[in-house]
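A short write-up of the structure that comes next.
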Amino acid sequence: MDCERCGVDATLTHRDVDGFAYYLCEACIGGWDAVRTRSPEASDESRSAAQ
Ligand SMILES: [Zn+2]
């Protein structure tokens, strides 16, 4: 089965995104999670740690 985002033929995982059902490969799911869980606090924390 082909990933609905990048088209790679791989084992896909079902995912609901904004009310739509997608079948995505691991790489696309990982990228999607990184975007959706990105927190602005993380950059502040690393900046203060560098000082
Ligand atoms: Zn993909």
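Labels for the structure tokens follow display order: chains A, B, ..., residues from 1 in each chain, ligands from 1.
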Distance table requested - chain A against ligand 1, cut-off 12 Å, only C-alpha atoms and all ligand atoms: one row per qualifying residue with the closest atom pair and its distance in Å to one decimal, ordered by chain and rising residue number, as JSON lines.
```
{"residue": "A:Met1", "atom": "CA", "partner": "ligand 1", "partner_atom_place_in_ligand_line": "1 (Zn)", "distance": 10.8}
{"residue": "A:Asp2", "atom": "CA", "partner": "ligand 1", "partner_atom_place_in_ligand_line": "1 (Zn)", "distance": 7.9}
{"residue": "A:Cys3", "atom": "CA", "partner": "ligand 1", "partner_atom_place_in_ligand_line": "1 (Zn)", "distance": 4.7}
{"residue": "A:Glu4", "atom": "CA", "partner": "ligand 1", "partner_atom_place_in_ligand_line": "1 (Zn)", "distance": 6.6}
{"residue": "A:Arg5", "atom": "CA", "partner": "ligand 1", "partner_atom_place_in_ligand_line": "1 (Zn)", "distance": 5.1}
{"residue": "A:Cys6", "atom": "CA", "partner": "ligand 1", "partner_atom_place_in_ligand_line": "1 (Zn)", "distance": 4.2}
{"residue": "A:Gly7", "atom": "CA", "partner": "ligand 1", "partner_atom_place_in_ligand_line": "1 (Zn)", "distance": 6.0}
{"residue": "A:Val8", "atom": "CA", "partner": "ligand 1", "partner_atom_place_in_ligand_line": "1 (Zn)", "distance": 5.8}
{"residue": "A:Asp9", "atom": "CA", "partner": "ligand 1", "partner_atom_place_in_ligand_line": "1 (Zn)", "distance": 8.4}
{"residue": "A:Ala10", "atom": "CA", "partner": "ligand 1", "partner_atom_place_in_ligand_line": "1 (Zn)", "distance": 8.1}
{"residue": "A:Thr11", "atom": "CA", "partner": "ligand 1", "partner_atom_place_in_ligand_line": "1 (Zn)", "distance": 9.7}
{"residue": "A:Leu12", "atom": "CA", "partner": "ligand 1", "partner_atom_place_in_ligand_line": "1 (Zn)", "distance": 8.2}
{"residue": "A:Thr13", "atom": "CA", "partner": "ligand 1", "partner_atom_place_in_ligand_line": "1 (Zn)", "distance": 9.9}
{"residue": "A:His14", "atom": "CA", "partner": "ligand 1", "partner_atom_place_in_ligand_line": "1 (Zn)", "distance": 11.7}
{"residue": "A:Arg15", "atom": "CA", "partner": "ligand 1", "partner_atom_place_in_ligand_line": "1 (Zn)", "distance": 11.9}
{"residue": "A:Tyr22", "atom": "CA", "partner": "ligand 1", "partner_atom_place_in_ligand_line": "1 (Zn)", "distance": 10.3}
{"residue": "A:Tyr23", "atom": "CA", "partner": "ligand 1", "partner_atom_place_in_ligand_line": "1 (Zn)", "distance": 8.4}
{"residue": "A:Leu24", "atom": "CA", "partner": "ligand 1", "partner_atom_place_in_ligand_line": "1 (Zn)", "distance": 5.2}
{"residue": "A:Cys25", "atom": "CA", "partner": "ligand 1", "partner_atom_place_in_ligand_line": "1 (Zn)", "distance": 4.3}
{"residue": "A:Glu26", "atom": "CA", "partner": "ligand 1", "partner_atom_place_in_ligand_line": "1 (Zn)", "distance": 6.8}
{"residue": "A:Ala27", "atom": "CA", "partner": "ligand 1", "partner_atom_place_in_ligand_line": "1 (Zn)", "distance": 5.8}
{"residue": "A:Cys28", "atom": "CA", "partner": "ligand 1", "partner_atom_place_in_ligand_line": "1 (Zn)", "distance": 4.4}
{"residue": "A:Ile29", "atom": "CA", "partner": "ligand 1", "partner_atom_place_in_ligand_line": "1 (Zn)", "distance": 7.4}
{"residue": "A:Gly30", "atom": "CA", "partner": "ligand 1", "partner_atom_place_in_ligand_line": "1 (Zn)", "distance": 9.5}
{"residue": "A:Gly31", "atom": "CA", "partner": "ligand 1", "partner_atom_place_in_ligand_line": "1 (Zn)", "distance": 9.2}
{"residue": "A:Trp32", "atom": "CA", "partner": "ligand 1", "partner_atom_place_in_ligand_line": "1 (Zn)", "distance": 10.0}
```
From segment 12-42 of chain A, collect each residue whose DSSP state is alpha helix (DSSP H) and return the set as number ranges by chain. A: 26-36, 40-42
